[in-house]
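Colleague: Sending over a structure as structure tokens; questions will come in a sec.
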Amino acid sequence: MAHSFTPPSEQALDGSAERLKRIRAGLGKRHARERRFRALGIAAIAAALGFVAILFSMILYQGLPAFTQANLEVDVHFDPAIVKVAARPVRDAQQSSAEYQRALLDWERKVTMVNWNRVLEQSIKAAAPDFEIDTKSALSIVETSERFRLRDMFVADPGLLGQTVKVKMLASANADNWLKGNIDRSLPDTQQQLSPSARMLSDRFMEDGQMRFAFAWHIFTNSDSRSAPASAGLAGAFIGSLYMMLVVIVLAVPIGVMSAVYLEEFAPKNKFTDFIEVNINNLAAVPSIVFGLLGAAVFINYFRLPLSAPLVGGLVLTLMTLPTIIIATRSALRAVPPSLRQAALGIGASKTQTVFHHVLPVTYPGILTATIIGVAQALGETAPLLLIGMNAFVAQIPGSPLEPSSALPVQIYLWQGNENRNFFEARTSAAIIVLLGLMLMLNAIAIFLRARLERRK
Amino acid sequence: MIKFFLAATVASVAVAASLGAASAQSRDTMQIAGSSTVLPFSSIVAEEFGQAFPEFKTPVVGSGGTGGGLRQFCAGVGDNTIDIANASRRMKAAEIESCNAAGVNDIREIQIGYDGIVFASNASKGEFALEPVHVFKAIAAQVAVDGKLVDNPYKSWNEIDASLPNQPISLAIPASNHGTREVFQEKVIADGAKAAGLPELSKEELEKVTTTFRQDVVIEIAGDYTETLSRLQSNADTIGVFGLSFYDQNRDTLKVATVSGVTPSLETVAAGEYPVSRPLYFYVKGEHIGTVPGINEFVEFYLSEQMAGLGGTLEAAGLIPAPAEETAAVLAAFQEGKALTVDAVK
């Protein structure tokens, strides 16, 4: 409704009262319309925030309990009757280094073969001497990997033989479920994972204070585990993701920025460059799973790169991130006023000097933001990684980008599919919290750097 | 800034060059893939193997279902192909042929133990005492009524048999990429069809009747058992097909059905009383023994008493151990280097 408002003048005095009335009536409608629009906008924001809040609070509610886990602190006696191994080999003068290594490895294997479960069982029983419990139930309270902890302690210090030390051990996933009440505690025995005596003993340890909930640092230091689910952590996946992001940054940023600079500043404008531009824009819209198929066909089947390697993952994600960086850099370059270029060219700078000394520095904040958004996107990408074998179970922290590894979002996917639902539901949410935390951190860095660069400009 | 770009360009060239170097370097980590039923067991053994043999890298275990794993396995010989395929059914003749065609001739079959397939419903629902014929009648597209084949008329379980609860029929079964599907087909549907009073049918017609399911009540699950579980949670009337070990770990939310009057458990499957059980396998690529370190040791460790044996680690995880003599024979055949041939599976 286009009301033209002209101030009442002398010659139109008689009609002015009516016109004012009409304007007033219209004004009310216009204001109402504006209020309606604002209300809709606020409702939209409220709905979006509400969904985000529900999502976040659900993830936090489910995931936060996973950051604390039950730990059992007991006296462990390295009983010489059970730990029957020869003394740790000592390197003598005529022994070569390889021979010594072999002897040491042999000794370590023998230490591994010691029945550490018996040592564990004895320590648990000694902590509650009056409690009758069978071997299987007693061992079901602590995580199976704890026997390797005892072994590692002994390998590091063979002097422990015959001694008694306090050891803090991780409770098993089933004991943790029971103590946290993840499985309804009123369910009958047949529906419980632990035997009645194991449940009673865990409760008793809890009351005595030998069993305590402590922050689960191992989520950040351990790799994934299936034989000892309670000790499963994100370190392997984190390092895998880190390698991939390094590959993405090292490859996508220089290639992306250089292509953008060339296309925007140097390339002639003709049909061919238009064609390239259209293709780059299309590439940005290609679903990520397609890049995964491409990666499997090209990098693995043709270049014969190893399966499950973060290097391949990084290459695939680079392909995915490139269009984002090219498009963002080009629009940043386009936003630079032509006067800057003309001034530089006017005082005799070459085209290259103009671009690199004057135009490009102005676009740093834009390029940086694009890079970080691209990297954050790549960090959360799962689908293409499933196709290049990165969804495998990897128990080791990868030492190089060529070693098999998982990635953070893939780890979430894997934990989501773990058969011990009661334990891994919380773990999955915990992994999501860590991934979201990383994303927020990346975004915060982007905002911080951008603000700093813009101030310097 | 130019320096940064120069450095970055150099770095990218270095990465590109390392691609070439990487492909030349041989792999020292065993790669395993395949059945999601066998995956937990293989993962556990892989982890323990890494602990017990510090000189070898911990093997990497991927999923993808039996069919997917065997396809990867049969892709050829070389560092970018897997060394071991997990399978929840025996390899088929066609698969062996495609393997041989790709140059994989030395396929060693390892049977690790047994697994039961169970029907489980939401814990809040009624008890099911199923017979194979009930399942067949519930999901086949055509069933026999008065000796004639008609479109399946049953809507709820008690229409099939009065002893079953009055609950709408809905069954989540593994899709054909899972080895479990094959066993389900063979041990439940085929057996059920025999008892369903079908009219005289030719072999092709029978095949069609036993493989065509009603799409309105059957949910085919291509993912793993957690997907089946979430179907059960979203629709409490659904009955899901699970591995015994998965059910065992989620007993608080699932209720298991008896089949032919036998409750599935470690004991009843091991004793051969529970009808729906199957052996689990993995296949080793003989060509990779010696090039990828640790394969021999891994197989020996897997079949050792502390892992796959009675009272071993895998039994605690839900695998039903094979009798010791059977395992010893499997290990002996592996060490002799006996390769699986097409004739052996016919």
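Ordered as shown in the structure tokens, chains take letters A, B, and onward, while each chain numbers its residues from 1 and ligands are numbered from 1 in the order shown.
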How close does each residue of chain A get to chain B, giving the shortest atom pair and distance in Å to one decimal for every residue with an atom at most 6 Å away, counting only C-alpha atoms, sorted by chain and residue number, as CSV?
Modeller:
residue,atom,partner,partner_atom,distance
A:Gln191,CA,B:Asp252,CA,4.8
A:Arg226,CA,B:Ile44,CA,5.6
A:Ser227,CA,B:Ile44,CA,4.6
A:Leu251,CA,B:Ser12,CA,5.5
A:Arg304,CA,B:Ser23,CA,5.6
A:Leu305,CA,B:Ser23,CA,5.3
A:Pro306,CA,B:Asn80,CA,5.2
A:Ala392,CA,B:Gly62,CA,3.7
A:Phe393,CA,B:Val61,CA,4.8
A:Val394,CA,B:Val60,CA,5.1
A:Gly417,CA,B:Thr226,CA,5.5
A:Glu419,CA,B:Phe246,CA,5.8
A:Asn420,CA,B:Gln249,CA,5.7
Colleague: Lys187 in chain B: which residues within 12 Å, counting only C-alpha atoms, same-chain residues fewer than 5 positions away excluded, as a list in words?
Modeller: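 The filter keeps Gly116, Ile117, Val118, Glu131, Pro132, Val133, Val135, Phe136, Thr180, Arg181, Glu182, Gly192, Ala193, Lys194, Thr210, Val259, Ser260, Tyr274, Pro275, Val276, Ser277 and Arg278 of chain B.
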Colleague: Those residues you just picked out, can you put them in a file as a compact mmCIF listing (two decimals), in the first residue's frame with C-alpha atoms?
Modeller:
# COMPACT_ATOMS: atom_id res chain seq x y z
CA GLY B 116 22.91 -68.37 17.69
CA ILE B 117 20.32 -66.27 15.91
CA VAL B 118 17.54 -65.15 18.18
CA GLU B 131 8.22 -72.31 15.53
CA PRO B 132 9.89 -71.78 12.15
CA VAL B 133 6.50 -72.24 10.50
CA VAL B 135 7.78 -67.02 11.08
CA PHE B 136 7.26 -68.31 7.56
CA THR B 180 22.74 -63.73 9.12
CA ARG B 181 20.11 -63.39 6.41
CA GLU B 182 21.30 -66.55 4.72
CA GLY B 192 9.07 -73.30 8.16
CA ALA B 193 7.92 -73.70 4.55
CA LYS B 194 8.20 -77.47 4.86
CA THR B 210 10.38 -68.84 0.32
CA VAL B 259 12.30 -71.44 18.93
CA SER B 260 10.80 -74.92 18.77
CA TYR B 274 18.70 -74.58 19.65
CA PRO B 275 17.89 -74.93 15.96
CA VAL B 276 18.94 -71.54 14.57
CA SER B 277 22.69 -71.50 14.97
CA ARG B 278 25.53 -71.22 12.52
Colleague: What does the distance between CA of Ser265 in chain B and CA of Thr37 in chain B come to in Å, to one decimal place?
Modeller: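 About the pair CA of Ser265 in chain B and CA of Thr37 in chain B: they are 16.3 Å apart.
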Colleague: Do you have the CA of Val286 in chain A-CA of Phe303 in chain A distance handy?
Modeller: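 Interatomic distance, CA of Val286 in chain A to CA of Phe303 in chain A: 22.9 Å.
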Colleague: May I ask for the distance between CA of Gln416 in chain A and CA of Ile433 in chain A, given in Å to one decimal place?
Modeller: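 Value for the CA of Gln416 in chain A-CA of Ile433 in chain A distance: 13.9 Å.
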Colleague: With DSSP run on the backbone, what are the alpha helix (DSSP H) residues within range 142-242 of chain B? I'd like them as an mmCIF file with N, CA and C atoms, in the first residue's frame.
Modeller:
data_model
loop_
_atom_site.group_PDB
_atom_site.id
_atom_site.type_symbol
_atom_site.label_atom_id
_atom_site.label_comp_id
_atom_site.auth_asym_id
_atom_site.auth_seq_id
_atom_site.Cartn_x
_atom_site.Cartn_y
_atom_site.Cartn_z
ATOM 1 N N TRP B 157 -0.149 -62.012 15.236
ATOM 2 C CA TRP B 157 0.471 -63.314 15.477
ATOM 3 C C TRP B 157 -0.546 -64.365 15.913
ATOM 4 N N ASN B 158 -1.557 -63.970 16.690
ATOM 5 C CA ASN B 158 -2.473 -64.993 17.193
ATOM 6 C C ASN B 158 -3.373 -65.566 16.097
ATOM 7 N N GLU B 159 -3.427 -64.902 14.925
ATOM 8 C CA GLU B 159 -4.171 -65.488 13.806
ATOM 9 C C GLU B 159 -3.408 -66.676 13.225
ATOM 10 N N ILE B 160 -2.090 -66.644 13.366
ATOM 11 C CA ILE B 160 -1.273 -67.751 12.851
ATOM 12 C C ILE B 160 -1.369 -68.942 13.785
ATOM 13 N N GLY B 179 25.393 -62.001 6.489
ATOM 14 C CA GLY B 179 25.426 -63.455 6.452
ATOM 15 C C GLY B 179 24.278 -64.033 7.257
ATOM 16 N N THR B 180 23.838 -63.282 8.263
ATOM 17 C CA THR B 180 22.743 -63.729 9.120
ATOM 18 C C THR B 180 21.489 -64.011 8.296
ATOM 19 N N ARG B 181 21.288 -63.233 7.239
ATOM 20 C CA ARG B 181 20.113 -63.387 6.407
ATOM 21 C C ARG B 181 20.046 -64.789 5.803
ATOM 22 N N GLU B 182 21.213 -65.237 5.343
ATOM 23 C CA GLU B 182 21.297 -66.552 4.722
ATOM 24 C C GLU B 182 20.857 -67.644 5.696
ATOM 25 N N VAL B 183 21.351 -67.532 6.932
ATOM 26 C CA VAL B 183 21.030 -68.548 7.934
ATOM 27 C C VAL B 183 19.545 -68.479 8.282
ATOM 28 N N ASP B 191 12.829 -74.249 6.629
ATOM 29 C CA ASP B 191 12.244 -75.244 7.530
ATOM 30 C C ASP B 191 10.764 -74.963 7.757
ATOM 31 N N GLY B 192 10.448 -73.685 7.912
ATOM 32 C CA GLY B 192 9.067 -73.300 8.160
ATOM 33 C C GLY B 192 8.183 -73.643 6.967
ATOM 34 N N ALA B 193 8.713 -73.440 5.759
ATOM 35 C CA ALA B 193 7.923 -73.696 4.548
ATOM 36 C C ALA B 193 7.551 -75.173 4.454
ATOM 37 N N LYS B 194 8.471 -76.031 4.927
ATOM 38 C CA LYS B 194 8.196 -77.468 4.857
ATOM 39 C C LYS B 194 6.980 -77.830 5.698
ATOM 40 N N LYS B 203 10.509 -76.636 -8.100
ATOM 41 C CA LYS B 203 11.616 -76.087 -7.335
ATOM 42 C C LYS B 203 11.649 -74.563 -7.432
ATOM 43 N N GLU B 204 11.392 -74.062 -8.639
ATOM 44 C CA GLU B 204 11.441 -72.605 -8.847
ATOM 45 C C GLU B 204 10.325 -71.915 -8.069
ATOM 46 N N GLU B 205 9.145 -72.528 -8.106
ATOM 47 C CA GLU B 205 8.007 -71.926 -7.407
ATOM 48 C C GLU B 205 8.268 -71.883 -5.900
ATOM 49 N N LEU B 206 8.839 -72.977 -5.393
ATOM 50 C CA LEU B 206 9.128 -73.051 -3.961
ATOM 51 C C LEU B 206 10.143 -71.972 -3.596
ATOM 52 N N GLU B 207 11.148 -71.842 -4.447
ATOM 53 C CA GLU B 207 12.181 -70.828 -4.247
ATOM 54 C C GLU B 207 11.542 -69.449 -4.155
ATOM 55 N N LYS B 208 10.588 -69.211 -5.043
ATOM 56 C CA LYS B 208 9.946 -67.902 -5.089
ATOM 57 C C LYS B 208 9.124 -67.672 -3.809
ATOM 58 N N VAL B 209 8.409 -68.711 -3.397
ATOM 59 C CA VAL B 209 7.553 -68.591 -2.207
ATOM 60 C C VAL B 209 8.408 -68.319 -0.963
ATOM 61 N N THR B 210 9.588 -68.976 -0.902
ATOM 62 C CA THR B 210 10.380 -68.840 0.319
ATOM 63 C C THR B 210 11.281 -67.600 0.298
ATOM 64 N N THR B 211 11.354 -66.891 -0.818
ATOM 65 C CA THR B 211 12.221 -65.701 -0.812
ATOM 66 C C THR B 211 11.444 -64.412 -1.011
ATOM 67 N N TYR B 225 23.020 -54.342 14.304
ATOM 68 C CA TYR B 225 21.935 -54.690 15.214
ATOM 69 C C TYR B 225 21.398 -53.491 15.989
ATOM 70 N N THR B 226 22.220 -52.455 16.174
ATOM 71 C CA THR B 226 21.701 -51.293 16.896
ATOM 72 C C THR B 226 20.559 -50.656 16.127
ATOM 73 N N GLU B 227 20.633 -50.776 14.783
ATOM 74 C CA GLU B 227 19.541 -50.236 13.985
ATOM 75 C C GLU B 227 18.274 -51.058 14.239
ATOM 76 N N THR B 228 18.432 -52.374 14.281
ATOM 77 C CA THR B 228 17.290 -53.237 14.587
ATOM 78 C C THR B 228 16.716 -52.871 15.950
ATOM 79 N N LEU B 229 17.624 -52.654 16.910
ATOM 80 C CA LEU B 229 17.190 -52.324 18.266
ATOM 81 C C LEU B 229 16.388 -51.026 18.277
ATOM 82 N N SER B 230 16.833 -50.032 17.502
ATOM 83 C CA SER B 230 16.104 -48.764 17.536
ATOM 84 C C SER B 230 14.749 -48.908 16.847
ATOM 85 N N ARG B 231 14.638 -49.843 15.891
ATOM 86 C CA ARG B 231 13.313 -50.131 15.305
ATOM 87 C C ARG B 231 12.377 -50.679 16.372
ATOM 88 N N LEU B 232 12.925 -51.542 17.219
ATOM 89 C CA LEU B 232 12.123 -52.139 18.283
ATOM 90 C C LEU B 232 11.690 -51.086 19.289
ATOM 91 N N GLN B 233 12.566 -50.101 19.479
ATOM 92 C CA GLN B 233 12.227 -49.069 20.449
ATOM 93 C C GLN B 233 11.197 -48.099 19.886
ATOM 94 N N SER B 234 11.255 -47.853 18.571
ATOM 95 C CA SER B 234 10.295 -46.900 18.010
ATOM 96 C C SER B 234 8.934 -47.573 17.790
#
Colleague: Which of these, A:Ser172, A:Thr428, A:Ser16, A:Ser223, has the shortest distance to Ala235 in chain A once you count only C-alpha atoms?
Modeller: A:Ser223
Colleague: Which residues, written as a PyMOL selection string, have at least one atom at most 12 Å from range 349-357 of chain A, with only C-alpha atoms counted and residues fewer than 5 positions away on the same chain left out?
Modeller: (chain A and resi 257-258+260-262+264-266+333+336+338-344+362-364) or (chain B and resi 1-5)
Colleague: Name all residues at most 10 Å from Ala138 in chain B (count only C-alpha atoms; drop same-chain ones fewer than 6 positions away) and give them as a list in words.
Modeller: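 The filter keeps Pro132, Asn152, Pro153, Tyr154, Lys155, Ser156, Trp157, Glu159, Ile160, Pro168, Ile169, Ser170, Leu171, Phe213, Arg214, Val217 and Val218 of chain B.
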Colleague: Which neighbours of Ile320 in chain B fall inside 12 Å, counting only C-alpha atoms, when residues of the same chain fewer than 6 positions from it are skipped, and could you give them as JSON, numbers by chain?
Modeller: {"B": [38, 41, 111, 112, 113, 114, 115, 116, 117, 243, 244, 245, 264, 265, 266, 267, 268, 269, 270, 271, 272, 277, 278, 279, 280, 307, 308, 309, 310, 311, 312, 313, 314]}
Colleague: Grab the residues selected above and save them as a short mmCIF file (atom, residue, chain, number, x, y, z; two decimals), in the first residue's frame with C-alpha atoms.
Modeller:
data_model
loop_
_atom_site.label_atom_id
_atom_site.label_comp_id
_atom_site.auth_asym_id
_atom_site.auth_seq_id
_atom_site.Cartn_x
_atom_site.Cartn_y
_atom_site.Cartn_z
CA VAL B 38 32.23 -61.52 13.76
CA PHE B 41 35.18 -61.04 18.32
CA GLN B 111 36.03 -71.62 11.64
CA ILE B 112 36.13 -69.86 14.99
CA GLY B 113 33.01 -71.10 16.76
CA TYR B 114 29.25 -70.79 16.69
CA ASP B 115 26.63 -68.15 17.06
CA GLY B 116 22.91 -68.37 17.69
CA ILE B 117 20.32 -66.27 15.91
CA GLY B 243 22.83 -62.42 17.12
CA LEU B 244 22.82 -64.18 20.48
CA SER B 245 25.76 -62.09 21.71
CA PRO B 264 18.60 -69.70 23.12
CA SER B 265 21.67 -69.61 25.36
CA LEU B 266 25.34 -70.47 25.23
CA GLU B 267 24.52 -73.93 26.52
CA THR B 268 21.62 -74.79 24.21
CA VAL B 269 23.47 -73.58 21.11
CA ALA B 270 26.68 -75.37 22.08
CA ALA B 271 24.70 -78.57 22.68
CA GLY B 272 23.01 -78.24 19.29
CA SER B 277 22.69 -71.50 14.97
CA ARG B 278 25.53 -71.22 12.52
CA PRO B 279 29.29 -71.45 12.45
CA LEU B 280 31.33 -68.26 12.17
CA MET B 307 40.66 -66.76 23.10
CA ALA B 308 38.25 -69.05 21.22
CA GLY B 309 38.44 -71.97 23.64
CA LEU B 310 36.03 -73.03 26.36
CA GLY B 311 36.05 -70.38 29.10
CA GLY B 312 38.13 -68.09 26.88
CA THR B 313 37.85 -64.37 26.32
CA LEU B 314 35.54 -64.74 23.33
#
